[in-house]
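Student: Dropping in run_9.cif, which is mmCIF, C-alpha atoms (C1' of nucleotides):
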data_entry
#
loop_
_atom_site.label_atom_id
_atom_site.label_comp_id
_atom_site.auth_asym_id
_atom_site.auth_seq_id
_atom_site.Cartn_x
_atom_site.Cartn_y
_atom_site.Cartn_z
CA MET A 15 -6.11 -6.79 -30.23
CA LEU A 16 -4.04 -9.81 -29.16
CA SER A 17 -0.99 -7.96 -30.29
CA ASN A 18 -1.50 -5.41 -27.50
CA LEU A 19 0.41 -7.78 -25.29
CA ILE A 20 3.21 -8.08 -27.81
CA ASP A 21 3.39 -4.30 -28.14
CA HIS A 22 3.49 -4.00 -24.39
CA ILE A 23 6.34 -6.49 -24.11
CA LYS A 24 8.26 -4.63 -26.81
CA LYS A 25 8.18 -1.50 -24.68
CA PHE A 26 10.40 -3.28 -22.18
CA ILE A 27 12.49 -5.83 -24.04
CA THR A 28 13.36 -6.86 -27.60
CA ILE A 29 11.63 -9.90 -29.05
CA ASP A 30 11.37 -11.25 -32.58
CA GLU A 31 8.45 -12.58 -34.59
CA ALA A 32 9.05 -16.20 -33.55
CA ASP A 33 9.07 -15.22 -29.88
CA ALA A 34 5.85 -13.30 -30.34
CA GLU A 35 4.10 -16.29 -31.84
CA MET A 36 5.43 -18.62 -29.19
CA ILE A 37 4.30 -16.24 -26.46
CA LEU A 38 0.73 -16.03 -27.69
CA THR A 39 0.34 -19.82 -27.84
CA HIS A 40 0.70 -19.87 -24.06
CA PHE A 41 -2.22 -17.55 -23.50
CA GLN A 42 -5.91 -18.04 -23.55
CA HIS A 43 -8.17 -15.34 -24.95
CA GLN A 44 -11.14 -14.85 -22.63
CA LEU A 45 -14.22 -12.68 -22.46
CA PHE A 46 -16.08 -11.91 -19.25
CA THR A 47 -19.35 -10.12 -18.75
CA LYS A 48 -19.68 -7.16 -16.40
CA LYS A 49 -19.54 -8.27 -12.75
CA SER A 50 -17.88 -11.63 -13.47
CA LEU A 51 -15.45 -12.67 -10.77
CA LEU A 52 -12.01 -13.55 -12.14
CA LEU A 53 -10.79 -14.43 -8.68
CA GLU A 54 -12.74 -15.04 -5.51
CA GLU A 55 -11.46 -14.86 -1.94
CA GLY A 56 -10.48 -18.29 -0.68
CA GLN A 57 -9.60 -19.62 -4.12
CA ILE A 58 -6.07 -20.18 -5.28
CA CYS A 59 -5.28 -17.57 -7.89
CA ASN A 60 -4.24 -19.71 -10.81
CA LYS A 61 -4.14 -17.06 -13.50
CA GLN A 62 -2.36 -13.91 -14.42
CA TYR A 63 -4.50 -11.59 -16.57
CA PHE A 64 -3.45 -9.06 -19.14
CA ILE A 65 -6.31 -6.71 -19.87
CA LEU A 66 -6.97 -6.13 -23.55
CA LYS A 67 -10.20 -4.20 -23.17
CA GLY A 68 -12.28 -3.02 -20.24
CA CYS A 69 -11.74 -2.43 -16.59
CA VAL A 70 -11.46 -4.57 -13.46
CA ARG A 71 -11.09 -4.01 -9.74
CA PHE A 72 -9.07 -5.84 -7.15
CA TYR A 73 -10.90 -5.70 -3.82
CA ILE A 74 -11.50 -7.19 -0.40
CA ASN A 75 -14.56 -7.67 1.74
CA ASN A 76 -13.78 -5.85 4.95
CA ASN A 77 -15.18 -7.25 8.17
CA LYS A 78 -18.21 -4.94 8.01
CA GLY A 79 -19.44 -6.48 4.78
CA VAL A 80 -18.21 -3.57 2.70
CA GLU A 81 -16.18 -4.09 -0.47
CA GLN A 82 -12.98 -2.11 -0.47
CA THR A 83 -11.10 -1.55 -3.71
CA LEU A 84 -7.32 -1.82 -3.49
CA GLN A 85 -6.49 -1.51 -7.16
CA PHE A 86 -8.02 -0.89 -10.53
CA GLY A 87 -6.82 -2.47 -13.75
CA ILE A 88 -7.40 -1.09 -17.23
CA GLU A 89 -6.16 -1.76 -20.77
CA ASN A 90 -2.56 -2.96 -20.93
CA TRP A 91 -2.31 -3.73 -17.23
CA TRP A 92 -1.50 -7.01 -15.61
CA ILE A 93 -3.62 -8.13 -12.73
CA THR A 94 -3.30 -11.08 -10.38
CA ASP A 95 -2.69 -11.93 -6.75
CA TYR A 96 1.04 -12.53 -7.08
CA LEU A 97 1.42 -14.23 -3.71
CA SER A 98 -1.40 -16.65 -4.30
CA PHE A 99 -0.27 -17.27 -7.88
CA GLN A 100 3.33 -17.88 -6.91
CA TYR A 101 2.86 -19.95 -3.78
CA GLN A 102 -0.48 -21.52 -4.69
CA THR A 103 -2.05 -20.40 -1.43
CA PRO A 104 -5.66 -19.25 -1.00
CA SER A 105 -6.17 -15.64 -1.91
CA HIS A 106 -7.65 -12.98 0.38
CA PHE A 107 -8.68 -10.89 -2.58
CA ASN A 108 -11.31 -10.69 -5.29
CA ILE A 109 -10.92 -9.57 -8.88
CA GLN A 110 -14.05 -8.48 -10.67
CA ALA A 111 -14.87 -7.11 -14.12
CA ILE A 112 -16.38 -3.64 -13.75
CA GLU A 113 -17.18 -3.61 -17.45
CA LYS A 114 -17.46 -6.31 -20.05
CA ILE A 115 -13.83 -7.27 -20.52
CA GLU A 116 -11.46 -9.03 -22.84
CA VAL A 117 -8.27 -10.51 -21.41
CA LEU A 118 -5.34 -12.74 -22.13
CA SER A 119 -4.90 -15.22 -19.31
CA ILE A 120 -2.08 -17.53 -18.46
CA ASP A 121 -2.11 -20.23 -15.81
CA ARG A 122 0.75 -21.13 -13.52
CA LYS A 123 1.96 -24.11 -15.54
CA SER A 124 1.95 -22.26 -18.86
CA PHE A 125 3.61 -19.31 -17.22
CA ASP A 126 6.50 -21.43 -15.96
CA GLU A 127 6.82 -23.13 -19.32
CA LEU A 128 6.81 -19.83 -21.14
CA LEU A 129 9.57 -18.45 -18.96
CA ASP A 130 11.62 -21.61 -19.52
CA ARG A 131 11.23 -21.30 -23.26
CA ILE A 132 11.84 -17.57 -23.48
CA PRO A 133 13.98 -16.63 -20.49
CA LYS A 134 14.32 -13.03 -21.51
CA LEU A 135 10.67 -12.62 -20.49
CA GLU A 136 11.89 -12.79 -16.90
CA LYS A 137 13.16 -9.24 -17.39
CA TYR A 138 9.82 -8.14 -18.81
CA PHE A 139 7.87 -9.52 -15.87
CA ARG A 140 10.39 -8.15 -13.41
CA LEU A 141 9.96 -4.67 -14.87
CA VAL A 142 6.18 -4.97 -14.91
CA ILE A 143 6.02 -5.97 -11.26
CA GLN A 144 8.51 -3.30 -10.36
CA LYS A 145 6.18 -0.72 -11.85
CA SER A 146 3.18 -2.14 -10.01
CA PHE A 147 5.09 -2.13 -6.77
CA GLY A 148 6.21 1.44 -7.37
CA ALA A 149 2.61 2.44 -8.04
CA SER A 150 1.55 0.75 -4.84
CA GLN A 151 4.13 2.70 -2.86
CA VAL A 152 2.98 5.95 -4.38
CA ARG A 153 -0.58 5.04 -3.46
CA ILE A 154 0.36 4.46 0.16
CA ARG A 155 2.18 7.78 0.11
CA TYR A 156 -0.98 9.56 -0.99
CA LEU A 157 -3.06 7.80 1.64
CA PHE A 158 -0.63 8.94 4.31
CA THR A 159 0.00 12.52 3.26
CA MET A 160 -3.30 13.79 1.91
CA SER A 161 -6.71 14.38 3.46
CA ALA A 162 -9.73 12.64 1.96
CA GLU A 163 -10.63 15.76 0.04
CA GLU A 164 -7.12 16.19 -1.31
CA ARG A 165 -6.99 12.58 -2.43
CA PHE A 166 -10.20 13.04 -4.36
CA HIS A 167 -9.13 16.25 -6.06
CA HIS A 168 -5.77 14.76 -6.87
CA MET A 169 -7.27 11.70 -8.49
CA ASN A 170 -9.84 13.82 -10.26
CA SER A 171 -7.15 15.98 -11.80
CA MET A 172 -4.93 13.05 -12.75
CA PHE A 173 -7.59 10.70 -14.15
CA PRO A 174 -10.73 12.68 -14.98
CA GLU A 175 -11.96 10.19 -17.59
CA PHE A 176 -11.46 7.26 -15.24
CA ILE A 177 -13.61 8.89 -12.56
CA GLN A 178 -16.43 8.98 -15.09
CA ARG A 179 -15.88 5.38 -16.04
CA VAL A 180 -16.47 3.56 -12.75
CA PRO A 181 -19.10 3.96 -10.00
CA GLN A 182 -18.30 6.63 -7.45
CA TYR A 183 -18.53 4.29 -4.52
CA MET A 184 -15.65 2.24 -5.90
CA ILE A 185 -13.49 5.34 -6.24
CA ALA A 186 -14.47 6.32 -2.70
CA SER A 187 -13.38 2.99 -1.31
CA TYR A 188 -10.16 3.12 -3.32
CA LEU A 189 -9.43 6.51 -1.78
CA ASP A 190 -10.41 5.17 1.64
CA PHE A 191 -13.50 7.13 2.57
CA SER A 192 -17.24 6.53 2.49
CA PRO A 193 -19.43 7.04 -0.60
CA GLU A 194 -21.48 9.58 1.34
CA PHE A 195 -18.39 11.61 2.06
CA MET A 196 -17.46 11.51 -1.63
CA SER A 197 -20.86 12.88 -2.47
CA LYS A 198 -20.32 15.76 -0.08
CA ILE A 199 -16.88 16.53 -1.43
CA ARG A 200 -18.24 16.65 -4.96
CA ALA A 201 -21.08 18.92 -3.91
CA GLY A 202 -18.55 21.20 -2.20
CA LYS A 203 -20.31 20.66 1.13
CA VAL A 204 -17.22 19.85 3.11
CA MET B 20 28.25 -12.64 6.35
CA LEU B 21 28.62 -11.71 2.68
CA SER B 22 27.36 -15.15 1.83
CA ASN B 23 23.96 -14.26 3.29
CA LEU B 24 23.14 -12.84 -0.10
CA ILE B 25 24.27 -16.00 -1.85
CA ASP B 26 22.21 -18.11 0.53
CA HIS B 27 19.23 -15.90 -0.12
CA ILE B 28 19.62 -16.23 -3.88
CA LYS B 29 19.87 -20.00 -3.55
CA LYS B 30 16.47 -20.07 -1.91
CA PHE B 31 14.98 -18.93 -5.21
CA ILE B 32 17.23 -20.18 -8.02
CA THR B 33 20.17 -22.50 -8.59
CA ILE B 34 23.61 -20.94 -8.95
CA ASP B 35 27.10 -22.43 -8.91
CA GLU B 36 30.31 -21.37 -7.20
CA ALA B 37 31.51 -19.33 -10.18
CA ASP B 38 28.22 -17.44 -10.33
CA ALA B 39 28.44 -16.72 -6.63
CA GLU B 40 31.88 -15.21 -6.94
CA MET B 41 30.92 -13.19 -9.97
CA ILE B 42 27.84 -11.88 -8.17
CA LEU B 43 29.76 -10.65 -5.16
CA THR B 44 32.25 -8.70 -7.28
CA HIS B 45 29.39 -6.47 -8.36
CA PHE B 46 28.50 -5.47 -4.84
CA GLN B 47 30.00 -3.06 -2.41
CA HIS B 48 30.13 -3.91 1.28
CA GLN B 49 29.08 -0.89 3.30
CA LEU B 50 28.62 0.03 6.93
CA PHE B 51 26.41 2.84 8.14
CA THR B 52 25.97 4.27 11.61
CA LYS B 53 22.58 4.57 13.25
CA LYS B 54 20.53 7.37 11.68
CA SER B 55 22.53 7.53 8.46
CA LEU B 56 20.41 8.31 5.44
CA LEU B 57 20.86 5.80 2.62
CA LEU B 58 18.45 7.73 0.45
CA GLU B 59 17.09 11.23 0.83
CA GLU B 60 13.96 12.67 -0.73
CA GLY B 61 14.77 14.55 -3.93
CA GLN B 62 17.85 12.45 -4.72
CA ILE B 63 17.91 9.86 -7.45
CA CYS B 64 18.02 6.46 -5.81
CA ASN B 65 21.13 4.98 -7.34
CA LYS B 66 21.49 1.90 -5.15
CA GLN B 67 19.70 -1.25 -4.25
CA TYR B 68 20.54 -2.46 -0.75
CA PHE B 69 20.60 -5.96 0.63
CA ILE B 70 20.64 -5.84 4.42
CA LEU B 71 23.20 -8.12 6.04
CA LYS B 72 22.79 -6.84 9.58
CA GLY B 73 20.57 -4.28 11.26
CA CYS B 74 17.37 -2.54 10.49
CA VAL B 75 16.25 0.34 8.26
CA ARG B 76 13.08 2.25 7.59
CA PHE B 77 11.63 3.60 4.37
CA TYR B 78 9.69 6.78 5.13
CA ILE B 79 8.24 10.05 3.91
CA ASN B 80 7.91 13.49 5.40
CA ASN B 81 4.23 14.21 5.33
CA ASN B 82 3.15 17.81 4.82
CA LYS B 83 2.83 18.42 8.55
CA GLY B 84 6.53 17.82 9.15
CA VAL B 85 5.93 14.34 10.54
CA GLU B 86 7.90 11.34 9.37
CA GLN B 87 5.72 8.47 8.28
CA THR B 88 7.18 4.98 7.92
CA LEU B 89 5.97 3.00 4.92
CA GLN B 90 8.22 -0.02 5.26
CA PHE B 91 10.82 -1.56 7.48
CA GLY B 92 13.74 -3.62 6.25
CA ILE B 93 15.66 -6.17 8.28
CA GLU B 94 18.28 -8.86 7.68
CA ASN B 95 17.98 -10.54 4.27
CA TRP B 96 15.64 -7.96 2.83
CA TRP B 97 16.17 -5.82 -0.20
CA ILE B 98 15.38 -2.16 0.06
CA THR B 99 15.31 0.57 -2.56
CA ASP B 100 12.97 2.96 -4.31
CA TYR B 101 12.40 0.80 -7.37
CA LEU B 102 10.81 3.54 -9.45
CA SER B 103 13.59 6.01 -8.81
CA PHE B 104 16.25 3.33 -9.31
CA GLN B 105 14.75 2.09 -12.56
CA TYR B 106 13.83 5.38 -14.19
CA GLN B 107 16.51 7.52 -12.53
CA THR B 108 13.93 10.03 -11.35
CA PRO B 109 14.07 11.94 -8.04
CA SER B 110 12.73 9.93 -5.13
CA HIS B 111 9.92 11.01 -2.82
CA PHE B 112 11.19 8.72 -0.09
CA ASN B 113 13.88 8.44 2.53
CA ILE B 114 15.73 5.37 3.70
CA GLN B 115 17.38 5.55 7.09
CA ALA B 116 19.35 3.17 9.28
CA ILE B 117 17.48 2.64 12.55
CA GLU B 118 20.44 0.72 13.93
CA LYS B 119 24.06 0.49 12.93
CA ILE B 120 23.82 -1.51 9.72
CA GLU B 121 25.84 -3.59 7.32
CA VAL B 122 24.66 -3.86 3.74
CA LEU B 123 25.61 -5.00 0.29
CA SER B 124 24.87 -2.27 -2.20
CA ILE B 125 24.75 -2.30 -5.96
CA ASP B 126 24.43 0.71 -8.22
CA ARG B 127 22.38 0.92 -11.38
CA LYS B 128 25.26 0.33 -13.77
CA SER B 129 26.60 -2.71 -11.89
CA PHE B 130 23.09 -4.04 -11.56
CA ASP B 131 22.51 -3.96 -15.30
CA GLU B 132 25.91 -5.51 -15.95
CA LEU B 133 25.28 -8.24 -13.44
CA LEU B 134 21.96 -9.13 -15.03
CA ASP B 135 23.59 -9.21 -18.46
CA ARG B 136 26.30 -11.54 -17.21
CA ILE B 137 24.03 -13.83 -15.20
CA PRO B 138 20.59 -13.61 -16.79
CA LYS B 139 19.08 -16.18 -14.48
CA LEU B 140 19.24 -13.56 -11.75
CA GLU B 141 16.33 -11.89 -13.50
CA LYS B 142 14.17 -14.64 -12.07
CA TYR B 143 15.60 -14.09 -8.61
CA PHE B 144 14.89 -10.38 -8.67
CA ARG B 145 11.46 -10.95 -10.14
CA LEU B 146 10.59 -13.28 -7.29
CA VAL B 147 11.99 -10.92 -4.68
CA ILE B 148 9.96 -7.99 -5.97
CA GLN B 149 6.91 -10.18 -6.28
CA LYS B 150 7.18 -10.96 -2.59
CA SER B 151 7.64 -7.32 -1.67
CA PHE B 152 4.65 -6.37 -3.74
CA GLY B 153 2.59 -9.12 -2.13
CA ALA B 154 3.63 -7.87 1.29
CA SER B 155 2.62 -4.37 0.33
CA GLN B 156 -0.83 -5.58 -0.74
CA VAL B 157 -1.27 -7.42 2.53
CA ARG B 158 -0.29 -4.27 4.38
CA ILE B 159 -2.91 -2.21 2.56
CA ARG B 160 -5.43 -4.89 3.36
CA TYR B 161 -4.69 -4.57 7.07
CA LEU B 162 -4.90 -0.79 6.93
CA PHE B 163 -8.32 -1.07 5.31
CA THR B 164 -9.90 -3.81 7.38
CA MET B 165 -8.61 -3.31 10.91
CA SER B 166 -9.02 -0.56 13.49
CA ALA B 167 -5.90 1.09 14.90
CA GLU B 168 -6.08 -1.09 17.97
CA GLU B 169 -6.49 -4.27 15.93
CA ARG B 170 -3.54 -3.35 13.74
CA PHE B 171 -1.37 -2.91 16.79
CA HIS B 172 -2.39 -6.18 18.43
CA HIS B 173 -1.97 -8.00 15.16
CA MET B 174 1.54 -6.69 14.62
CA ASN B 175 2.39 -7.32 18.24
CA SER B 176 1.36 -10.95 17.96
CA MET B 177 3.10 -11.48 14.62
CA PHE B 178 6.37 -9.70 15.36
CA PRO B 179 6.82 -9.32 19.12
CA GLU B 180 10.63 -9.08 18.94
CA PHE B 181 10.47 -6.46 16.22
CA ILE B 182 8.22 -4.23 18.31
CA GLN B 183 10.94 -4.25 20.97
CA ARG B 184 13.60 -3.47 18.44
CA VAL B 185 12.48 -0.12 17.04
CA PRO B 186 11.07 3.04 18.64
CA GLN B 187 7.36 2.97 19.27
CA TYR B 188 6.66 6.13 17.35
CA MET B 189 7.97 4.49 14.18
CA ILE B 190 5.68 1.50 14.65
CA ALA B 191 2.81 3.90 15.29
CA SER B 192 3.43 5.76 12.05
CA TYR B 193 3.80 2.46 10.16
CA LEU B 194 0.41 1.41 11.50
CA ASP B 195 -0.98 4.86 10.66
CA PHE B 196 -1.84 6.36 14.00
CA SER B 197 -0.23 8.82 16.39
CA PRO B 198 2.43 7.89 18.96
CA GLU B 199 0.14 9.15 21.72
CA PHE B 200 -2.59 6.81 20.63
CA MET B 201 -0.13 3.94 20.61
CA SER B 202 0.78 4.74 24.17
CA LYS B 203 -2.87 4.61 25.14
CA ILE B 204 -3.44 1.32 23.38
CA ARG B 205 -0.49 -0.22 25.17
CA ALA B 206 -1.71 1.07 28.50
CA GLY B 207 -5.14 -0.42 27.78
CA LYS B 208 -6.69 3.05 28.04
CA VAL B 209 -8.65 2.89 24.84
"C1'" DT C 29 -41.63 2.21 -22.36
"C1'" DT C 30 -41.95 0.56 -17.68
"C1'" DC C 31 -40.32 -1.49 -13.66
"C1'" DA C 32 -36.46 -3.04 -10.93
"C1'" DT C 33 -32.04 -2.31 -9.61
"C1'" DT C 34 -28.16 0.25 -8.80
"C1'" DT C 35 -26.05 4.43 -7.70
"C1'" DC C 36 -25.96 9.00 -5.70
"C1'" DT C 37 -27.37 12.66 -2.35
"C1'" DT C 38 -28.52 14.96 2.00
"C1'" DG C 39 -28.65 16.05 6.89
"C1'" DA C 40 -28.28 14.68 11.69
"C1'" DA C 41 -25.90 12.27 15.15
"C1'" DG C 42 -21.87 9.80 16.58
"C1'" DT C 43 -16.90 8.24 17.10
"C1'" DA C 44 -12.18 6.80 16.43
"C1'" DC C 45 -9.07 8.92 16.30
"C1'" DT C 46 -5.64 13.60 16.43
"C1'" DT C 47 -3.48 17.51 18.48
"C1'" DC C 48 -1.59 19.96 22.16
"C1'" DA C 49 0.99 20.64 26.23
"C1'" DA C 50 3.46 19.19 30.01
"C1'" DG C 51 5.69 15.84 32.69
"C1'" DT C 52 8.32 11.29 33.14
"C1'" DT C 53 11.30 7.74 31.75
"C1'" DT C 54 14.87 5.76 28.99
"C1'" DT C 55 18.84 5.95 26.12
"C1'" DT C 56 22.88 8.09 24.37
"C1'" DT C 57 26.90 10.83 24.63
"C1'" DA C 58 30.90 12.92 26.53
"C1'" DT D 13 28.67 8.99 35.74
"C1'" DA D 14 26.36 13.22 34.72
"C1'" DA D 15 24.05 15.82 31.46
"C1'" DA D 16 21.66 16.00 27.18
"C1'" DA D 17 18.77 14.08 23.98
"C1'" DA D 18 15.35 10.97 22.56
"C1'" DA D 19 11.32 8.44 23.50
"C1'" DC D 20 7.14 7.61 26.05
"C1'" DT D 21 2.87 8.83 28.84
"C1'" DT D 22 -1.30 11.24 30.26
"C1'" DG D 23 -5.53 13.90 30.07
"C1'" DA D 24 -8.36 17.41 27.92
"C1'" DA D 25 -10.21 19.39 23.91
"C1'" DG D 26 -11.05 19.11 19.06
"C1'" DT D 27 -12.11 17.21 14.28
"C1'" DA D 28 -12.23 14.67 10.00
"C1'" DC D 29 -14.39 11.69 9.11
"C1'" DT D 30 -18.35 7.52 9.56
"C1'" DT D 31 -22.91 5.68 10.09
"C1'" DC D 32 -27.68 5.73 9.54
"C1'" DA D 33 -31.86 6.48 7.21
"C1'" DA D 34 -34.56 7.93 3.60
"C1'" DG D 35 -35.37 9.85 -0.76
"C1'" DA D 36 -33.93 11.10 -5.66
"C1'" DA D 37 -31.69 10.12 -9.87
"C1'" DA D 38 -29.64 7.22 -13.21
"C1'" DT D 39 -29.04 2.90 -15.41
"C1'" DG D 40 -30.25 -1.68 -17.04
"C1'" DA D 41 -33.51 -5.38 -18.30
"C1'" DA D 42 -37.77 -7.09 -20.24
#
Would you put the structure from the file into structure tokens?

Tutor:
Amino acid sequence: MLSNLIDHIKKFITIDEADAEMILTHFQHQLFTKKSLLLEEGQICNKQYFILKGCVRFYINNNKGVEQTLQFGIENWWITDYLSFQYQTPSHFNIQAIEKIEVLSIDRKSFDELLDRIPKLEKYFRLVIQKSFGASQVRIRYLFTMSAEERFHHMNSMFPEFIQRVPQYMIASYLDFSPEFMSKIRAGKV
Amino acid sequence: MLSNLIDHIKKFITIDEADAEMILTHFQHQLFTKKSLLLEEGQICNKQYFILKGCVRFYINNNKGVEQTLQFGIENWWITDYLSFQYQTPSHFNIQAIEKIEVLSIDRKSFDELLDRIPKLEKYFRLVIQKSFGASQVRIRYLFTMSAEERFHHMNSMFPEFIQRVPQYMIASYLDFSPEFMSKIRAGKV
DNA sequence: TTCATTTCTTGAAGTACTTCAAGTTTTTTA
DNA sequence: TAAAAAACTTGAAGTACTTCAAGAAATGAA
């Protein structure tokens, strides 16, 4: 399972056995129960997480006391608040395990050390963030060009298994409409 | 003016005079008139742009024939469609000069060469993208937690000069409401 | 298995915006 | 400097959603 990270890295750059071993020594293998908070608003985000197993959400508390999901993370995804991690400033976001999860985590100090020791990982992390950023732009595009109903049907056709996997109200907030409205869309009452 | 890029790089990593010269040889200095398209939907985005002077917008045509701004770029910002640039796939986005602009551009081939020659630039580009991604997350947060009016007042207090600099209807679309509504907010009629 | 908790559904009432259409002002171009 | 083009304003009418409240169904814990 730990080697998932190594496999992921190998999709982007070439590393040898020694690199792989060195890399893993910088990470901590952690388990969290369902609903654990990996990051809480106000804290400095001191870890970057690579998800080995399970599913997390990245969310905010909007000013009406409602939790709004900005991102989901599943197997083989990185998740962190990059700004807070990089600049060691308090985060505005929360990261929570939606299921029991298994992750590899790396703190800021180990991360810097790792990059010093194996500089070619800079390329790997650049490419990973580039993909995340691209995904974020696509997401904004969908929010701007599709109606609520279209966003739901689109997501449903792209990720049918995922829709089953997490509570509907989280999907609704990710797609930026209310859970009640989601219910109506699904029932074809809209 | 060309050295703006070098200064920007030096904010993130250490480079010497020889590096600086080598870097600049990989870039092309380009001027564009107001309204020029640097990237058009459907094209493969083959350039990354560093803005020396002027202002651009990154936008889509939504399905109602309206242009919706996702991002602005000003002096010392990088702008590109990272996904299209990286994977050489057709872009869904447009990049347009809002003012007469001056940029440094680098194509995919030169970019890869440059990174091979000066690998420490990987860190620079990683940090730049990290910041852009962070900014994009903050933007989504504002869209989700503030009303249209709040978003306007917030932007107005954060970037008063910028609001003067570009047409109101572009700000309105960036903040995700109609130009008419913006007019009403400004007039205090809402 | 049972109870408690979480999640989902439904309808009625409300609202933060959009759309349209027409006029006015500002900026650009020749 | 005049004419054309682009940008902004205003009010009236419409709508895609939200909010509320209450019950039903599913899931989890003991």

Student: For the interface of chain A with chain B (cut-off 7 Å, counting all atoms listed in the file), please tabulate each contacting residue of chain A alongside its nearest pair of atoms and their separation in Å to one decimal, rows sorted by chain and increasing number, as a tab-separated table.

Tutor:
residue	atom	partner	partner_atom	distance
A:Asn76	CA	B:Thr164	CA	5.0
A:Asn77	CA	B:Thr164	CA	6.4
A:Tyr96	CA	B:Gly153	CA	6.2
A:Leu97	CA	B:Gly153	CA	5.5
A:Glu136	CA	B:Lys142	CA	5.7
A:Lys137	CA	B:Glu141	CA	5.7
A:Phe139	CA	B:Arg145	CA	6.9
A:Arg140	CA	B:Arg145	CA	4.4
A:Ile143	CA	B:Gln149	CA	6.6
A:Gln144	CA	B:Tyr101	CA	6.4
A:Lys145	CA	B:Leu102	CA	6.7
A:Phe147	CA	B:Phe152	CA	5.2
A:Gly148	CA	B:Leu102	CA	5.5
A:Thr159	CA	B:Asn81	CA	5.0

Student: Suppose a student applies the PyMOL selection byres ((chain C) within 10 of (chain B)) to this structure; what residues should they get, written as a ChimeraX atom specification?

Tutor: /C:44-47

Student: Any idea what's packed within 10 Å of DA58 in chain C, counting all atoms listed in the file, ignoring anything in its chain fewer than 3 positions away? Could you give it as a list in words?

Tutor: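 What passes the distance filter is DA14, DA15 and DA16 of chain D.
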
Student: For the file shown, report as a list in words the outcome of the PyMOL selection byres ((chain B and resi 121-128) around 8) at residue level.

Tutor: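 Checking the PyMOL selection byres ((chain B and resi 121-128) around 8) against this file, the residues are Leu21, His45, Phe46, Gln47, His48, Gln49, Leu50, Phe51, Asn65, Lys66, Gln67, Tyr68, Phe69, Ile70, Leu71, Lys72, Gly73, Phe104, Gln105, Lys119, Ile120, Ser129, Phe130, Asp131 and Glu132 of chain B.
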
Student: Kindly assemble as CSV a list of the chain D residues that lie within 9 Å of chain A, each paired with its nearest atom pair and their distance in Å to one decimal, using all atoms listed in the file, sorted first by chain and then by ascending residue number.

Tutor:
residue,atom,partner,partner_atom,distance
D:DA28,C1',A:Ser161,CA,8.6
D:DC29,C1',A:Phe191,CA,8.0
D:DT30,C1',A:Ser192,CA,7.2

Student: Name the closest residue to DT52 in chain C among the candidates D:DT13, D:DT39, D:DT22, D:DT31; distances are taken between atoms, counting only C-alpha atoms (C1' of nucleotides).

Tutor: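 Answer, going by the shortest atom-to-atom distance: D:DT22.
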
Student: Step by step, work through what the PyMOL selection byres ((chain C and resi 29) around 12) selects in the shown file, and finish by giving those residues as an MDAnalysis selection string.

Tutor: (chainID C and resid 30:31) or (chainID D and resid 41:42)

Student: For DA38 in chain D, please output as a list in words all residues within 12 Å (counting all atoms listed in the file; exclusion window: fewer than 6 positions along the same chain).

Tutor: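 The residues that qualify are Pro181 of chain A; DT33, DT34, DT35 and DC36 of chain C.
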
Student: Keeping only C-alpha atoms (C1' of nucleotides), write the selected residues as an mmCIF file, in the coordinates of the input.

Tutor:
data_model
loop_
_atom_site.group_PDB
_atom_site.id
_atom_site.type_symbol
_atom_site.label_atom_id
_atom_site.label_comp_id
_atom_site.auth_asym_id
_atom_site.auth_seq_id
_atom_site.Cartn_x
_atom_site.Cartn_y
_atom_site.Cartn_z
ATOM 1 C CA PRO A 181 -19.100 3.960 -10.000
ATOM 2 C "C1'" DT C 33 -32.040 -2.310 -9.610
ATOM 3 C "C1'" DT C 34 -28.160 0.250 -8.800
ATOM 4 C "C1'" DT C 35 -26.050 4.430 -7.700
ATOM 5 C "C1'" DC C 36 -25.960 9.000 -5.700
#

Student: May I ask for the distance between C1' of DG42 in chain C and C1' of DC32 in chain D, given in Å to one decimal place?

Tutor: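 For C1' of DG42 in chain C relative to C1' of DC32 in chain D, the distance reads 10.0 Å.
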
Student: To one decimal place, how far is CA of Trp97 in chain B from CA of Gly56 in chain A in Å?

Tutor: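 One can read the CA of Trp97 in chain B to CA of Gly56 in chain A distance as 29.4 Å.
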
Student: Between CA of Gly79 in chain A and CA of Leu51 in chain A, what is the spacing in Å?

Tutor: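 CA of Gly79 in chain A lies at a distance of 17.2 Å from CA of Leu51 in chain A.
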
Student: Leaving out DA18 in chain D and any residue of its chain fewer than 6 positions from it, which residues lie within 10 Å of it when counting all atoms listed in the file, given as a ChimeraX atom specification?

Tutor: /B:186 /C:54-56

Student: Please return, as a short mmCIF file (atom, residue, chain, number, x, y, z; two decimals) with C-alpha atoms, in the frame of the given file, all polymer residues that have at least one atom within 12 Å of the point (6.3, -16.0, -30.4); use only C-alpha atoms (C1' of nucleotides) and the file's own coordinate frame.

Tutor:
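What follows is the written file part.cif:
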data_model
loop_
_atom_site.label_atom_id
_atom_site.label_comp_id
_atom_site.auth_asym_id
_atom_site.auth_seq_id
_atom_site.Cartn_x
_atom_site.Cartn_y
_atom_site.Cartn_z
CA SER A 17 -0.99 -7.96 -30.29
CA LEU A 19 0.41 -7.78 -25.29
CA ILE A 20 3.21 -8.08 -27.81
CA ILE A 23 6.34 -6.49 -24.11
CA THR A 28 13.36 -6.86 -27.60
CA ILE A 29 11.63 -9.90 -29.05
CA ASP A 30 11.37 -11.25 -32.58
CA GLU A 31 8.45 -12.58 -34.59
CA ALA A 32 9.05 -16.20 -33.55
CA ASP A 33 9.07 -15.22 -29.88
CA ALA A 34 5.85 -13.30 -30.34
CA GLU A 35 4.10 -16.29 -31.84
CA MET A 36 5.43 -18.62 -29.19
CA ILE A 37 4.30 -16.24 -26.46
CA LEU A 38 0.73 -16.03 -27.69
CA THR A 39 0.34 -19.82 -27.84
CA HIS A 40 0.70 -19.87 -24.06
CA PHE A 41 -2.22 -17.55 -23.50
CA LEU A 128 6.81 -19.83 -21.14
CA ARG A 131 11.23 -21.30 -23.26
CA ILE A 132 11.84 -17.57 -23.48
CA LEU A 135 10.67 -12.62 -20.49
#
